[in-house]
Structure formats: structure tokens, C-alpha cells
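Pasting coords-v7.txt here (compact mmCIF, C-alpha atoms):
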```txt
# COMPACT_ATOMS: atom_id res chain seq x y z
CA MET Y 1 -18.89 -14.39 25.46
CA ALA Y 2 -19.63 -12.79 28.82
CA ALA Y 3 -22.65 -10.50 29.11
CA GLY Y 4 -20.42 -7.50 29.89
CA ASP Y 5 -18.34 -8.10 26.77
CA LEU Y 6 -21.42 -8.24 24.57
CA GLN Y 7 -22.97 -5.13 26.11
CA VAL Y 8 -19.83 -3.05 25.57
CA LEU Y 9 -19.73 -3.99 21.89
CA THR Y 10 -23.46 -3.52 21.47
CA ALA Y 11 -23.22 -0.02 22.93
CA LEU Y 12 -20.42 0.83 20.47
CA ASP Y 13 -22.46 -0.52 17.55
CA ALA Y 14 -25.35 1.73 18.56
CA ALA Y 15 -23.24 4.83 19.31
CA LYS Y 16 -23.90 7.99 17.33
CA THR Y 17 -21.28 9.15 14.84
CA GLN Y 18 -18.94 11.49 16.70
CA TRP Y 19 -15.83 13.55 16.09
CA TYR Y 20 -13.52 10.79 17.31
CA HIS Y 21 -14.79 8.48 14.59
CA PHE Y 22 -13.35 10.91 12.04
CA THR Y 23 -10.13 11.17 14.04
CA ALA Y 24 -9.86 7.38 13.88
CA ILE Y 25 -10.45 7.49 10.11
CA VAL Y 26 -7.53 9.89 9.65
CA VAL Y 27 -5.15 8.11 12.04
CA ALA Y 28 -5.94 4.63 10.71
CA GLY Y 29 -6.16 5.95 7.16
CA MET Y 30 -2.66 7.37 7.37
CA GLY Y 31 -1.51 3.76 7.55
CA PHE Y 32 -2.98 3.12 4.11
CA PHE Y 33 -1.60 6.46 2.88
CA ILE Y 34 1.93 5.50 3.94
CA ASP Y 35 1.55 1.94 2.63
CA ALA Y 36 0.52 3.17 -0.82
CA TYR Y 37 3.27 5.79 -0.95
CA ASP Y 38 5.99 3.33 0.03
CA LEU Y 39 4.80 0.50 -2.22
CA PHE Y 40 4.25 2.51 -5.38
CA CYS Y 41 6.88 5.27 -5.26
CA ILE Y 42 9.40 2.64 -6.39
CA SER Y 43 7.61 2.37 -9.75
CA LEU Y 44 8.31 6.05 -10.36
CA VAL Y 45 12.07 5.73 -10.02
CA THR Y 46 12.88 2.36 -11.64
CA LYS Y 47 13.56 3.93 -15.04
CA LEU Y 48 15.82 6.46 -13.36
CA LEU Y 49 17.66 3.61 -11.61
CA GLY Y 50 18.22 1.96 -14.98
CA ARG Y 51 19.69 5.13 -16.46
CA ILE Y 52 22.02 5.66 -13.49
CA TYR Y 53 23.29 2.14 -12.86
CA TYR Y 54 22.86 0.24 -16.14
CA ARG Y 55 23.85 2.66 -18.91
CA ALA Y 56 25.70 0.99 -21.76
CA ASP Y 57 28.12 3.14 -23.76
CA GLY Y 58 27.09 3.40 -27.40
CA SER Y 59 23.55 2.18 -26.83
CA ALA Y 60 20.79 3.84 -28.82
CA ALA Y 61 18.44 3.60 -25.84
CA PRO Y 62 18.91 4.73 -22.24
CA GLY Y 63 19.96 2.19 -19.65
CA ALA Y 64 17.26 0.01 -18.12
CA LEU Y 65 17.10 -2.41 -15.24
CA PRO Y 66 17.56 -6.02 -16.41
CA PRO Y 67 14.26 -7.94 -16.20
CA HIS Y 68 15.25 -9.96 -13.15
CA VAL Y 69 16.50 -6.86 -11.32
CA SER Y 70 13.36 -4.93 -12.22
CA ALA Y 71 11.16 -7.75 -10.98
CA ALA Y 72 13.09 -7.92 -7.71
CA VAL Y 73 13.09 -4.17 -7.07
CA ASN Y 74 9.37 -3.84 -7.84
CA GLY Y 75 8.20 -7.04 -6.20
CA VAL Y 76 10.36 -7.75 -3.16
CA ALA Y 77 8.30 -5.43 -0.93
CA PHE Y 78 5.21 -7.54 -1.66
CA VAL Y 79 7.01 -10.68 -0.51
CA GLY Y 80 7.67 -8.85 2.74
CA THR Y 81 4.05 -7.67 2.86
CA LEU Y 82 2.73 -11.23 2.72
CA SER Y 83 5.10 -12.31 5.49
CA GLY Y 84 4.25 -9.26 7.59
CA GLN Y 85 0.51 -9.81 7.29
CA LEU Y 86 0.80 -13.33 8.61
CA PHE Y 87 3.21 -12.46 11.43
CA PHE Y 88 1.73 -9.18 12.65
CA GLY Y 89 -1.82 -10.44 12.22
CA TRP Y 90 -1.02 -13.22 14.67
CA LEU Y 91 0.90 -10.84 16.94
CA GLY Y 92 -1.94 -8.32 16.94
CA ASP Y 93 -4.19 -10.90 18.59
CA LYS Y 94 -1.51 -11.64 21.17
CA LEU Y 95 -0.27 -8.18 22.18
CA GLY Y 96 -3.10 -5.94 21.03
CA ARG Y 97 -3.63 -3.69 18.05
CA LYS Y 98 -2.12 -0.57 19.62
CA LYS Y 99 1.28 -2.08 20.48
CA VAL Y 100 1.71 -3.81 17.16
CA TYR Y 101 0.54 -0.67 15.35
CA GLY Y 102 3.48 1.23 16.84
CA MET Y 103 5.94 -1.54 15.97
CA THR Y 104 4.94 -1.57 12.31
CA LEU Y 105 5.24 2.21 12.03
CA MET Y 106 8.75 2.30 13.49
CA LEU Y 107 9.84 -0.48 11.15
CA MET Y 108 8.44 1.44 8.20
CA VAL Y 109 10.20 4.65 9.24
CA LEU Y 110 13.57 2.93 9.62
CA CYS Y 111 13.32 0.96 6.39
CA SER Y 112 12.15 3.96 4.34
CA LEU Y 113 15.23 5.86 5.45
CA ALA Y 114 17.49 2.85 4.94
CA SER Y 115 16.13 2.27 1.40
CA GLY Y 116 17.26 5.75 0.42
CA LEU Y 117 20.70 5.08 1.89
CA SER Y 118 21.29 1.91 -0.15
CA LEU Y 119 24.96 1.92 -1.07
CA GLY Y 120 27.42 -0.38 -2.81
CA HIS Y 121 30.53 -0.56 -4.97
CA THR Y 122 28.66 -2.01 -7.95
CA PRO Y 123 25.16 -1.60 -9.39
CA ALA Y 124 24.36 -5.15 -8.30
CA SER Y 125 25.29 -4.42 -4.69
CA VAL Y 126 23.23 -1.21 -4.65
CA MET Y 127 20.20 -3.09 -5.97
CA ALA Y 128 20.76 -5.93 -3.49
CA THR Y 129 20.90 -3.48 -0.58
CA LEU Y 130 17.80 -1.70 -1.84
CA CYS Y 131 15.92 -4.99 -2.14
CA PHE Y 132 16.96 -6.02 1.38
CA PHE Y 133 15.49 -2.89 2.95
CA ARG Y 134 12.46 -2.93 0.65
CA PHE Y 135 11.66 -6.43 1.91
CA TRP Y 136 11.63 -5.28 5.53
CA LEU Y 137 9.69 -2.18 4.57
CA GLY Y 138 7.08 -4.49 3.05
CA PHE Y 139 7.17 -6.59 6.20
CA GLY Y 140 6.14 -3.53 8.22
CA ILE Y 141 3.51 -2.57 5.66
CA GLY Y 142 2.12 -6.09 5.87
CA GLY Y 143 1.43 -5.56 9.56
CA ASP Y 144 0.11 -2.03 9.20
CA TYR Y 145 -2.26 -2.79 6.34
CA PRO Y 146 -4.71 -5.20 8.05
CA LEU Y 147 -4.40 -3.58 11.47
CA SER Y 148 -5.55 -0.21 10.11
CA ALA Y 149 -8.74 -1.74 8.76
CA THR Y 150 -9.26 -3.81 11.91
CA ILE Y 151 -8.92 -0.81 14.21
CA MET Y 152 -11.43 1.21 12.21
CA SER Y 153 -13.92 -1.65 12.10
CA GLU Y 154 -13.70 -2.05 15.88
CA TYR Y 155 -14.21 1.69 16.49
CA ALA Y 156 -17.03 2.22 13.99
CA ASN Y 157 -20.72 1.96 14.73
CA LYS Y 158 -22.88 -0.50 12.87
CA ARG Y 159 -24.75 2.04 10.75
CA THR Y 160 -21.69 3.65 9.15
CA ARG Y 161 -19.10 0.88 9.43
CA GLY Y 162 -18.96 0.29 5.68
CA ALA Y 163 -18.41 3.96 4.84
CA PHE Y 164 -15.81 4.43 7.58
CA ILE Y 165 -13.74 1.42 6.51
CA ALA Y 166 -14.00 2.50 2.86
CA ALA Y 167 -12.81 5.98 3.89
CA VAL Y 168 -9.76 4.41 5.55
CA PHE Y 169 -9.01 2.46 2.38
CA SER Y 170 -9.48 5.59 0.28
CA MET Y 171 -6.30 7.01 1.77
CA GLN Y 172 -4.45 4.65 -0.56
CA GLY Y 173 -5.49 6.87 -3.45
CA PHE Y 174 -4.08 9.94 -1.72
CA GLY Y 175 -0.87 8.01 -0.96
CA ILE Y 176 -0.41 7.14 -4.64
CA MET Y 177 -1.08 10.74 -5.62
CA ALA Y 178 1.29 12.04 -2.95
CA GLY Y 179 4.08 9.83 -4.30
CA GLY Y 180 3.57 11.35 -7.74
CA LEU Y 181 3.47 14.89 -6.40
CA VAL Y 182 6.66 14.39 -4.39
CA ALA Y 183 8.39 12.99 -7.48
CA ILE Y 184 7.18 15.99 -9.51
CA VAL Y 185 8.50 18.52 -7.01
CA VAL Y 186 11.85 16.81 -6.45
CA SER Y 187 12.55 16.07 -10.11
CA ALA Y 188 11.47 19.56 -11.21
CA ALA Y 189 13.71 21.17 -8.60
CA PHE Y 190 16.76 19.12 -9.60
CA LYS Y 191 15.97 19.57 -13.31
CA ALA Y 192 15.94 23.35 -12.90
CA ARG Y 193 19.12 23.34 -10.80
CA PHE Y 194 21.03 20.80 -12.90
CA PRO Y 195 19.77 21.03 -16.52
CA ALA Y 196 20.74 18.19 -18.82
CA PRO Y 197 20.31 17.45 -22.55
CA ALA Y 198 18.21 14.63 -23.97
CA TYR Y 199 19.74 11.16 -24.22
CA ASP Y 200 19.93 11.17 -28.03
CA ALA Y 201 21.87 14.47 -27.88
CA ASP Y 202 24.29 13.48 -25.12
CA PRO Y 203 23.91 9.98 -23.65
CA ALA Y 204 26.36 10.51 -20.79
CA GLY Y 205 25.27 14.06 -19.96
CA SER Y 206 21.54 13.26 -19.99
CA THR Y 207 21.85 11.78 -16.48
CA PRO Y 208 23.60 14.27 -14.19
CA PRO Y 209 25.42 12.84 -11.15
CA GLN Y 210 22.93 14.59 -8.86
CA ALA Y 211 20.15 12.36 -10.23
CA ASP Y 212 21.41 9.68 -7.85
CA LEU Y 213 20.07 11.82 -5.01
CA VAL Y 214 16.60 12.18 -6.53
CA TRP Y 215 15.39 8.62 -6.15
CA ARG Y 216 16.88 8.42 -2.66
CA ILE Y 217 15.01 11.54 -1.53
CA ILE Y 218 11.72 10.25 -2.93
CA LEU Y 219 12.03 6.93 -1.08
CA MET Y 220 13.21 8.50 2.17
CA LEU Y 221 10.37 11.03 2.32
CA GLY Y 222 8.03 8.10 2.95
CA ALA Y 223 9.36 8.08 6.52
CA MET Y 224 7.99 11.56 7.25
CA PRO Y 225 4.22 10.83 7.39
CA ALA Y 226 4.93 7.59 9.25
CA ALA Y 227 6.90 9.41 11.93
CA LEU Y 228 4.23 12.11 12.26
CA THR Y 229 1.49 9.49 12.60
CA TYR Y 230 3.29 7.61 15.37
CA TYR Y 231 2.41 10.20 18.04
CA TRP Y 232 -1.30 10.07 17.31
CA ARG Y 233 -1.33 6.30 17.25
CA THR Y 234 0.23 6.13 20.70
CA ARG Y 235 -2.60 8.30 22.01
CA MET Y 236 -5.34 6.04 20.69
CA PRO Y 237 -6.71 3.66 23.31
CA GLU Y 238 -6.78 -0.05 22.61
CA THR Y 239 -9.90 -1.07 20.71
CA ALA Y 240 -12.84 -2.39 22.71
CA GLY Y 241 -12.98 -5.45 20.47
CA TYR Y 242 -9.53 -6.60 21.54
CA THR Y 243 -9.79 -5.57 25.22
CA ALA Y 244 -13.21 -7.12 25.76
CA LEU Y 245 -12.98 -10.25 23.62
CA VAL Y 246 -9.29 -11.18 23.61
CA ALA Y 247 -7.98 -9.64 26.83
CA LYS Y 248 -11.28 -10.52 28.58
CA ASN Y 249 -11.49 -7.17 30.36
CA ALA Y 250 -14.85 -5.57 29.57
CA LYS Y 251 -14.46 -3.04 32.37
CA GLN Y 252 -11.23 -1.67 30.87
CA ALA Y 253 -12.80 -1.67 27.40
CA ALA Y 254 -15.69 0.43 28.70
CA ALA Y 255 -13.30 2.85 30.44
CA ASP Y 256 -11.13 3.23 27.32
CA MET Y 257 -14.05 3.94 25.02
CA ALA Y 258 -15.59 6.39 27.49
CA LYS Y 259 -12.45 8.52 27.18
CA VAL Y 260 -12.91 9.15 23.47
CA LEU Y 261 -16.61 8.54 22.73
CA THR Y 262 -19.63 10.18 24.31
CA VAL Y 263 -21.65 7.09 25.06
CA HIS Y 264 -22.69 5.48 28.32
CA LEU Y 265 -20.68 2.28 28.55
CA ASP Y 266 -21.18 0.10 31.59
CA ALA Y 267 -19.24 -3.12 31.36
CA GLY Y 268 -21.36 -4.72 34.00
CA GLY Y 269 -24.90 -4.18 32.87
CA GLY Y 270 -24.58 -2.20 29.67
CA PRO Y 271 -26.13 1.19 29.20
CA GLY Y 272 -28.06 2.12 32.29
CA GLY Y 273 -27.65 -1.13 34.21
CA GLY Y 274 -25.50 -2.64 36.91
CA GLY Y 275 -23.75 -5.92 36.76
CA ASP Y 276 -20.57 -7.81 37.41
CA GLY Y 277 -18.14 -4.89 36.90
CA GLY Y 278 -16.38 -6.57 33.99
CA GLU Y 279 -16.12 -10.07 35.41
CA ALA Y 280 -17.45 -12.73 33.09
CA ARG Y 281 -20.67 -14.34 34.26
CA PRO Y 282 -20.47 -18.07 34.88
CA GLN Y 283 -21.17 -20.21 31.86
CA THR Y 284 -21.93 -23.86 31.54
CA LYS Y 285 -19.37 -26.14 29.97
CA ASN Y 286 -21.66 -26.68 26.99
CA GLN Y 287 -21.97 -22.90 26.40
CA GLN Y 288 -18.21 -22.45 26.49
CA GLN Y 289 -17.68 -25.27 23.99
CA GLN Y 290 -20.23 -23.73 21.64
CA GLN Y 291 -18.64 -20.28 21.78
CA GLU Y 292 -14.94 -21.23 21.64
CA PHE Y 293 -13.45 -22.80 18.54
CA GLY Y 294 -10.06 -22.56 16.90
CA LEU Y 295 -9.05 -20.79 13.73
CA PHE Y 296 -9.74 -23.01 10.69
CA SER Y 297 -11.44 -25.58 12.91
CA ARG Y 298 -14.49 -27.39 11.57
CA GLU Y 299 -16.78 -25.05 13.49
CA PHE Y 300 -14.93 -22.02 12.15
CA LEU Y 301 -15.24 -23.25 8.57
CA ARG Y 302 -18.93 -24.03 9.10
CA ARG Y 303 -19.66 -20.51 10.36
CA HIS Y 304 -17.23 -18.39 8.37
CA GLY Y 305 -15.60 -20.55 5.69
CA LEU Y 306 -17.73 -19.39 2.78
CA HIS Y 307 -17.38 -15.72 3.74
CA LEU Y 308 -13.61 -16.07 4.14
CA LEU Y 309 -13.22 -17.82 0.79
CA GLY Y 310 -15.39 -15.32 -1.09
CA THR Y 311 -13.74 -12.28 0.46
CA SER Y 312 -10.15 -13.50 0.08
CA ALA Y 313 -10.68 -14.73 -3.48
CA THR Y 314 -12.18 -11.47 -4.71
CA TRP Y 315 -9.48 -9.49 -2.90
CA PHE Y 316 -6.82 -11.66 -4.52
CA LEU Y 317 -8.26 -11.04 -7.99
CA LEU Y 318 -8.58 -7.32 -7.30
CA ASP Y 319 -4.96 -7.08 -6.15
CA ILE Y 320 -3.71 -8.67 -9.36
CA ALA Y 321 -5.24 -5.80 -11.31
CA PHE Y 322 -4.61 -3.05 -8.76
CA TYR Y 323 -0.95 -3.69 -7.99
CA SER Y 324 0.13 -4.66 -11.49
CA GLN Y 325 -1.57 -1.57 -12.90
CA ASN Y 326 0.08 0.81 -10.44
CA LEU Y 327 3.52 -0.81 -10.67
CA PHE Y 328 3.79 -1.19 -14.43
CA GLN Y 329 1.54 1.47 -15.96
CA LYS Y 330 4.66 3.61 -16.49
CA ASP Y 331 5.70 1.15 -19.20
CA MET Y 332 2.51 1.93 -21.13
CA PHE Y 333 2.81 5.71 -21.11
CA SER Y 334 5.15 5.87 -24.11
CA ALA Y 335 3.18 3.22 -25.99
CA VAL Y 336 -0.05 5.22 -25.77
CA GLY Y 337 1.67 8.54 -26.47
CA TRP Y 338 1.34 10.09 -23.03
CA ILE Y 339 5.05 10.78 -22.82
CA PRO Y 340 7.76 10.96 -25.55
CA LYS Y 341 10.21 8.18 -26.24
CA ALA Y 342 12.84 7.73 -23.54
CA ALA Y 343 15.75 8.65 -25.82
CA SER Y 344 14.24 12.07 -26.52
CA MET Y 345 14.33 13.05 -22.83
CA SER Y 346 16.85 13.49 -20.08
CA ALA Y 347 16.67 11.24 -17.02
CA LEU Y 348 14.96 13.86 -14.82
CA GLU Y 349 12.60 14.90 -17.60
CA GLU Y 350 11.45 11.30 -17.96
CA LEU Y 351 10.86 10.99 -14.21
CA LEU Y 352 8.91 14.26 -14.20
CA ARG Y 353 6.65 13.16 -17.04
CA ILE Y 354 6.03 9.71 -15.54
CA ALA Y 355 5.12 11.29 -12.20
CA ARG Y 356 2.73 13.71 -13.89
CA ALA Y 357 0.94 10.93 -15.75
CA GLN Y 358 0.67 8.71 -12.68
CA SER Y 359 -0.60 11.60 -10.54
CA LEU Y 360 -3.21 12.45 -13.17
CA ILE Y 361 -4.51 8.86 -13.18
CA ALA Y 362 -4.73 8.85 -9.38
CA LEU Y 363 -6.45 12.24 -9.31
CA CYS Y 364 -9.01 11.48 -12.02
CA GLY Y 365 -9.57 7.76 -11.46
CA THR Y 366 -8.31 6.21 -8.25
CA VAL Y 367 -9.33 8.88 -5.73
CA PRO Y 368 -12.84 9.49 -7.16
CA GLY Y 369 -13.42 5.73 -7.33
CA TYR Y 370 -12.65 5.35 -3.64
CA TRP Y 371 -14.97 8.17 -2.61
CA PHE Y 372 -17.72 6.93 -4.89
CA THR Y 373 -17.64 3.79 -2.76
CA VAL Y 374 -17.51 5.76 0.50
CA ALA Y 375 -20.66 7.64 -0.51
CA LEU Y 376 -22.67 4.68 -1.79
CA ILE Y 377 -21.49 1.56 0.04
CA ASP Y 378 -24.14 1.90 2.75
CA VAL Y 379 -26.75 2.92 0.18
CA VAL Y 380 -26.54 0.34 -2.63
CA GLY Y 381 -24.67 -2.31 -0.64
CA ARG Y 382 -21.30 -4.04 -0.79
CA PHE Y 383 -22.23 -6.63 -3.41
CA ALA Y 384 -23.49 -4.13 -5.99
CA ILE Y 385 -20.45 -1.87 -5.52
CA GLN Y 386 -18.13 -4.82 -6.05
CA LEU Y 387 -19.92 -5.96 -9.20
CA VAL Y 388 -19.65 -2.47 -10.69
CA GLY Y 389 -15.95 -2.28 -9.80
CA PHE Y 390 -15.03 -5.64 -11.33
CA ALA Y 391 -17.09 -4.94 -14.45
CA MET Y 392 -15.34 -1.61 -15.03
CA MET Y 393 -11.89 -3.12 -14.45
CA THR Y 394 -12.67 -5.89 -16.94
CA LEU Y 395 -13.77 -3.44 -19.64
CA VAL Y 396 -10.88 -1.02 -19.16
CA MET Y 397 -8.12 -3.65 -18.98
CA ASN Y 398 -9.57 -5.47 -21.99
CA GLN Y 399 -9.47 -2.21 -23.95
CA GLU Y 400 -5.88 -1.59 -22.83
CA ALA Y 401 -4.85 -5.05 -24.01
CA HIS Y 402 -6.47 -4.52 -27.43
CA SER Y 403 -4.83 -1.10 -27.81
CA GLU Y 404 -1.36 -2.45 -27.01
CA ALA Y 405 -1.85 -5.41 -29.33
CA ASN Y 406 -2.83 -3.09 -32.19
CA ASP Y 407 0.14 -0.82 -31.51
CA ASP Y 408 2.55 -3.76 -31.49
CA GLN Y 409 1.09 -5.12 -34.74
CA SER Y 410 1.39 -1.74 -36.44
CA ALA Y 411 4.99 -1.30 -35.27
CA THR Y 412 5.93 -4.79 -36.50
CA THR Y 413 4.36 -4.24 -39.92
CA SER Y 414 5.97 -0.84 -40.49
CA SER Y 415 9.49 -1.66 -39.28
CA ARG Y 416 9.98 -5.36 -39.74
CA GLY Y 417 13.36 -5.02 -41.40
CA PRO Y 418 14.97 -2.61 -38.94
CA ARG Y 419 13.55 -4.55 -35.99
CA ARG Y 420 15.46 -7.66 -37.12
CA THR Y 421 18.65 -5.63 -37.37
CA THR Y 422 18.15 -4.03 -33.98
CA ARG Y 423 17.77 -7.39 -32.30
CA THR Y 424 21.14 -8.59 -33.55
CA THR Y 425 23.06 -5.43 -32.76
CA ARG Y 426 21.52 -4.35 -29.42
CA PRO Y 427 24.30 -3.85 -26.86
CA ASN Y 428 24.29 -5.51 -23.49
CA ARG Y 429 22.62 -3.16 -21.03
CA GLY Y 430 23.89 -4.95 -17.98
CA TYR Y 431 26.81 -3.76 -15.87
CA SER Y 432 30.21 -5.14 -16.75
CA GLY Y 433 33.57 -4.10 -15.43
CA SER Y 434 35.73 -4.24 -12.36
CA SER Y 435 34.44 -1.11 -10.66
CA TRP Y 436 31.54 1.32 -10.76
CA ARG Y 437 31.08 5.01 -10.26
CA PRO Y 438 28.04 7.23 -10.83
CA THR Y 439 27.87 8.73 -14.30
```
Take the structure in the file and write it out as C-alpha cells.
Amino acid sequence: MAAGDLQVLTALDAAKTQWYHFTAIVVAGMGFFIDAYDLFCISLVTKLLGRIYYRADGSAAPGALPPHVSAAVNGVAFVGTLSGQLFFGWLGDKLGRKKVYGMTLMLMVLCSLASGLSLGHTPASVMATLCFFRFWLGFGIGGDYPLSATIMSEYANKRTRGAFIAAVFSMQGFGIMAGGLVAIVVSAAFKARFPAPAYDADPAGSTPPQADLVWRIILMLGAMPAALTYYWRTRMPETAGYTALVAKNAKQAAADMAKVLTVHLDAGGGPGGGGDGGEARPQTKNQQQQQEFGLFSREFLRRHGLHLLGTSATWFLLDIAFYSQNLFQKDMFSAVGWIPKAASMSALEELLRIARAQSLIALCGTVPGYWFTVALIDVVGRFAIQLVGFAMMTLVMNQEAHSEANDDQSATTSSRGPRRTTRTTRPNRGYSGSSWRPT
């Protein structure tokens, strides 16, 4: 690393917290906000999709997505996310964070709109079209997700880096809550305009034709914050970390940071000194060999292997709990008595109640948890915060599992006879027929 490169980064690490740091938190954090909205709003509307496209005449229960369709609709975006992280992560080191940041946003805008426009002559074709666009939406999210954190880490100073990055991640909580609030507003508006009876009173009338617009509007509204954020992202200069270390232009890195941060950055000699004006000082061959090593090379693994393994493994375990909880908690609401049984509600009433419950969880649990970390991560440390988080998740999910097991055992004991009859007479919920039209 040239002396100018190191001095630019050192000056940024030592910079005082300034207004632009908070601007960067909001702009980068909007990436996490949009990611969370787009990934989790689908869980709000899957039951509505089942009622619209998979209603079986004469069934005692509302229509529901078949298991394989439900898994595809809920999970295909995460397949795209994994692919996008690998591709855009590599591309971000080639073209720069700023350029790739704009690409991912535009992809997310287009695919959010396209998801809401998913059309087809049969339920299967509608779901296939939806899954296609959800995959590419996830692909864009996969690029946006790590770049948002990277940009904030390269703008932040050393003293508050942990809190700033945690603040960027905390926007996920607001994104989840925003998805619930949007679903509440849209479903309540359509419910008031197009009232419908409960399913057990009128199975066909419980899902008005206009309900097909509701889920489309909810998905498409995810494009709005992404489009609004694009302008501000284009105005952000490239990060000094990329310009100085990857592009090898410390002088340009110093000039870019001087535009947005009040700190004396001199690429040549650092703060207060002259130097080479951004040109790398000559290094011996041995110094270059010591400083340059490939990704996953032996030297890389020696220096960073343990940190990479520990961080990625804990993140993997966290994501199992985090994503499964947010995607499938709607299925537990009836079991724990938060919302009535599906047959006692209309389609829009069910969506409204699910959105209320999910918003309440985000408001009372997810958002405070994020900001608890923002406040204390630089006080008690990363390790202690993580231990507390994993311990609480273990206790809560263990209690949830015991509660559901007890509920299932009680239901089996009290209705063993009727449950056997129901299993033999349950109608096929899947679509069958030569054509389809909204009900």
C-alpha cells in the first residue's frame, strides 16, 4: 500500500463525526429498507394469492397455495439474492461501489414493478411469472445488500464505525414495518370500498375480484423508495477505500472526500504534509509480495480465514432464524390466537389482520432490537451484543416450538375422530380445468 493511500484512509478513520456521515447512513440505509420491504412483503400476500388463484369449490377452508408453489413464491428471491451477492460483490471491486450501486437500484425498481404486473392465463402461469421477476428482484437485492454495508464502513470513522453500520442495518426493521403499514392501508381501503362477507358465509363472495389488485399494488410500491433513493446515490462520491486501494488513485480519493467531509486530506503527505501527489512511492519487490495476495490464497486464509469463518457462520445461523421467522410467522398467528381462523374472515380482512400483527412485531421487537445494538455496540462490544442476541433467539424460538407442540397435541386429543374424517374428504385445493378467470 502506497503511503498516500494509507494516509487518506488514516485521515478518514480519525475524522470527526459530521453531518455527511448521517447522510450516508440514510442513503446507504435506504438500501436495507428497500431490501427488507421487497423480501418480506411477499409473506403478507401469499394467503391472499391462495384465495384468489387456488380456491376449490365446496371446500370448507379458503384456497391456499400448494406447498411447492408457496415454497417457490417465498423462496425464489433468496436464490436470486445469493447469486446477486456473488456477482455484484465481484463487480463492485471491478467497477466501483457507486456504479454498481446504481445498477442494483434500477434492477430492483424494474423488477418490483414487473412483479406486480405478473400475468397469465392460468394460476400456474401467474405464479411462474411472479417467481421469474422475484428471482431477478432478489438478484438486485443481493448486490445492494453487501454494497450498502461496505459503503458505510468505508465512509465511517474508526470511533463510531460499529454504530454507523448497525444504524444502516437497522433500516431493515423499518422496511419490514413499512411493508406491514402499506398492506394495512391498501387492504383497509379496498375493504371499505369493496366489502365482502366471511368465507364460511359466502366462499365465492369472500374474495372480491378487486382483491387481485391489492397484492399487485403492495409489491409494486416497493419501487417507489428505490426510485427516490437513486438520485441521492448518484450524488455520492466513490468511497475512498475503493478509489485509493483498488483504483490506486489516492489523489482522487482525497479530492472526493474533501467535497463531503470537513477534514484536511492530502493524498501526498497526509494531513499537513506534502508528498507524491497521489503517486505510489516505490516499493521493493519483497514489500509488494508481502502486501499483495489473492482472495482465498494461503496468505489470505492465514490473515483473515478465522475471522471470515466465524463471521459467515454466525451470519448464516442468524439468517436461518431471521428469514424463516419473518417469512412464515403469519402461519403461527391463528395458532396462537392473534387472528381468527381463516374461514371466519374475508380475504381482505385476513390480509389486514396479518399485516397488523406483523407490523406490531416489527414495532415492538425488531426495530427496538436494532437500535439497542446501535446504542451499545461501541460500549459493550460486538461479541457481547451477539451473545445476548443469540441467547434471546434461542429462548424465544424454543418457547414458540413448545407452545405449538402443546397446541397440536391438544387439538389432536380433542378432535381425533373428525380429523380422520377430514383427511379423507378434503378436496383438492389445486387448480384444475381448461381455463382460469379471477373469482
task = Around the point (-10.5, 4.1, 4.3), in the coordinates given by the file, pick out the residues reaching within 8 Å, counting only C-alpha atoms, and return them as a list in words.
result =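 All residues meeting the 8 Å criterion around (-10.5, 4.1, 4.3) are Ile25, Ala28, Gly29, Phe32, Ala149, Ala163, Phe164, Ile165, Ala166, Ala167, Val168, Phe169, Ser170, Met171 and Gln172 of chain Y.
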For atom CA of Y:Ala156 and atom CA of Y:Tyr230, the interatomic separation in Å (one decimal) =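 That distance, rounded to one decimal, is 21.1 Å.
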request  = Calculate how many Å separate atom CA of Y:Gln252 from atom CA of Y:Glu238, rounding to one decimal.
outcome  =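 Rounded to one decimal, the two atoms are 9.5 Å apart.
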query = Between Y:Trp338, Y:Phe33, Y:Tyr53, Y:Phe132, which has the minimum distance to Y:Asp212 (counting only C-alpha atoms)?
reply = Y:Tyr53
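Using all atoms listed in the file, the protein and nucleic acid residues lying no more than 9 Å from Y:Gly180, apart from those fewer than 4 places from it along its own chain, are Tyr37, Cys41, Leu44, Gly175, Ile176, Ile184, Val185, Leu352, Ile354, Ala355, Arg356, Ala357, Gln358, Ser359, Leu360 and Ala362 of chain Y.
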As a PDB file with C-alpha atoms, in the frame of the given file, please: the residues near Y:Thr243 (cut-off 9 Å, only C-alpha atoms, same-chain neighbours under 6 positions excluded).
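Done, and the output landed in selection_15.pdb:
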```
ATOM      1  CA  GLY Y  96      -3.100  -5.940  21.030  1.00  0.00           C
ATOM      2  CA  ASN Y 249     -11.490  -7.170  30.360  1.00  0.00           C
ATOM      3  CA  ALA Y 250     -14.850  -5.570  29.570  1.00  0.00           C
ATOM      4  CA  LYS Y 251     -14.460  -3.040  32.370  1.00  0.00           C
ATOM      5  CA  GLN Y 252     -11.230  -1.670  30.870  1.00  0.00           C
ATOM      6  CA  ALA Y 253     -12.800  -1.670  27.400  1.00  0.00           C
TER       7      ALA Y 253
END
```
request  = Provide the atom CA of Y:Gly222 to atom CA of Y:Lys94 distance in Å, to one decimal place.
outcome  =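 Between atom CA of Y:Gly222 and atom CA of Y:Lys94 the gap works out to 28.5 Å.
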key: Which of Y:Ile218, Y:Leu39, Y:Gly50, Y:Gly58 sits closest to Y:Phe139 [using only C-alpha atoms]   = Y:Leu39
request  = Compare Y:Asn157, Y:Gln399, Y:Gly162, Y:Gln325 by their minimum atom-to-atom distance to Y:Arg382, counting only C-alpha atoms, and give me the closest one.
outcome  =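 Checking each candidate against Y:Arg382, we get Y:Gly162 as the closest.
By chain and then residue number, the residues within 12 Å of Y:Phe372 are Ala163, Ala166, Ala167, Ser170, Gly365, Thr366, Val367, Pro368, Gly369, Tyr370, Val374, Ala375, Leu376, Ile377, Asp378, Val379, Val380, Ile385, Gln386, Val388 and Gly389 of chain Y, counting all atoms listed in the file and disregarding those fewer than 2 positions away in sequence.
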